[in-house]
Every structure is written in C-alpha cells, then in structure tokens.
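Note sheet for the following structure.
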Amino acid sequence: MLRDQGRLRVRQAAEDLGIAPSTAHRLLAMLVYRDFARQDEHRCYVPGPGLSAHLVGGSVAQRLRRALLPSMDVLCDRVGETVHLMVRAGTQTRFLASVESTQTLHIGDRRGTILPAALASGGKALLAELDLEELANLYLEGGAEALTRPVGDITEDTTARTTTISACGEEKLSLVRFHRLARELDVVRERGYGFNLEETESGVSAVGRCVLDATGEPVAAIVIAVPSVRFTKERIPGLVAELRRTTEHARLALGE
C-alpha cells in the first residue's frame, strides 16, 4: 500500500486492511523501524529508503491505478470475476490493484503479490512484447551472446544450470528451456494474450493481456482471474473478448 499509494494515514491503513487502528499503528511503526516507511511533516506515512529499490516507482504505480481502475471495475461487472492489474520488472510481475468479484467463490485481492513473469498470464503477455535478445538478457547466463551457442549441443542433463522458473522468478534457464519459453511466448504474441492454468496457484486460472500506452509501449497487464472450476473452454472466448475491449479502453485512458 505504501509503495503503490505513496502516502498512508493510520485510519486509512486500518480500514483497507480490516484491522484495528492500534494494530495498523504498530505495523506502521515497525515499517518505520525497518526503514520501509517514514513519517512526513503531516504525520502521514510515506515510503522509506527500504522501498527505494523495489519494482515500480510510486508515481508510476499511482498513475496506472488511477487511470485503469475504472476500466477494471467495468470488466469485473461484465465477467463476474476478479480483475487484477500487474506490472513487470525484470523476470517478476507485481500486482498493483485488484477488483474482487462479488461471487461467493472468487479469487481474492492480490495487491503486492510478486509472481514469476514466465508463469503469470499477464507476465507472459508482457514478456511476449520483448524481442529474442531482450528476453535472452533476462533469462540466459551470458545474455544475448549465449544465443549463438547451438541448441543441439546442449541437453538438460549436461547444462550447468538447468533450472525451471522458480517461485521467485530469478533463476537463469538452460538454452533448451529458454527456447521452450521463447516458443511459448511466440504463441502468446500471436494470439494477443497469455494463460496461467494453475501454474502459480492450485485452483486458480487466469488470462492476461497487455495494456499499451499512447506510444504503443507495454506498461502493464490486465488479468481476469477465475476459479479453475469455472475456467472452461466455453467461457474463454467471451473472457478474451471482454479483456481485449478493456485493454483498448485502458489505452485511451492512459492517453488522457
């Protein structure tokens, strides 16, 4: 909340978290002690030096939230499912905002959650906007220069680091697995959206699509998250159509 909203009061934090003001005060005091927060001259809590190296600058995150939350609200109403806003930083994605479905069985708020970009639906959509060299610089030891090595000479058993995408999303890939990821992203790029079929959380499936700014640059992704029991083949075309419409509206909102 500090990172994404930029400024918090104790009462606001208590209301948003559903806790007592005294509990919120203790939490914020601990964040101050750990340098994640500080108090300004108005006694509001603002991000401290411990947050300075994190994923998205506060002003950028706040602008995205303000511009895109109205479109996300509409999308949530139209599809009856939870809608998330996420951004990518390196090989990770972070949830900036969520609009929760009112259905009894629904996916909850994920604000602040960090997931590997190569597993998250919105992360895949954002990675698909990169060219092969940019992708290699993220995922290969030695970066784009490693692309010159012949794939056929490398097996997953003999490569020095043959990791899969880990929970933290920071592992480097073998050349074999990198090309497997690149092929998956080719499919994502061609169809215009990415899937997450229980790759990061059991029982949760999602479809995500990039939001482009006025210059055509990808700045975020909007995701529809659905309990897997409702994520059927019959529903996917409708969800994708609504998602496509929403991301187009979001692009217009960012240009205002």
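Ordering of the structure tokens sets the chain letters (A, B, ...), residue numbers begin anew at 1 in every chain, and ligands are numbered from 1 in the order given.
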_Residues within 7 Å of range 80-94 of chain A, please, as a VMD selection string. Count only C-alpha atoms; anything in the same chain fewer than 3 positions from it doesn't count._
chain A and resid 55 72 76 to 77 97 to 101 106 to 107 112 to 117 122 to 123 138 169 to 170 219 to 226
*asked:* Can you pull out the residues contacting Tyr193 in chain A? Cut-off 9 Å, using only C-alpha atoms, and skip same-chain residues under 3 positions away; I want them as a ChimeraX atom specification.
replied: /A:121-122,124-125,187-190,207-210,240,244
*asked:* Which residue is closest to Leu147 in chain A? Choose from A:Leu130, A:Ala120, A:Leu175, A:Leu243 and count only C-alpha atoms.
replied: A:Leu175
*CA of Ser202 in chain A to CA of Ala118 in chain A, distance in Å rounded to a single decimal*: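 Answer for the CA of Ser202 in chain A to CA of Ala118 in chain A separation: 16.6 Å.
Going from CA of Glu141 in chain A to CA of Arg183 in chain A covers 18.7 Å.
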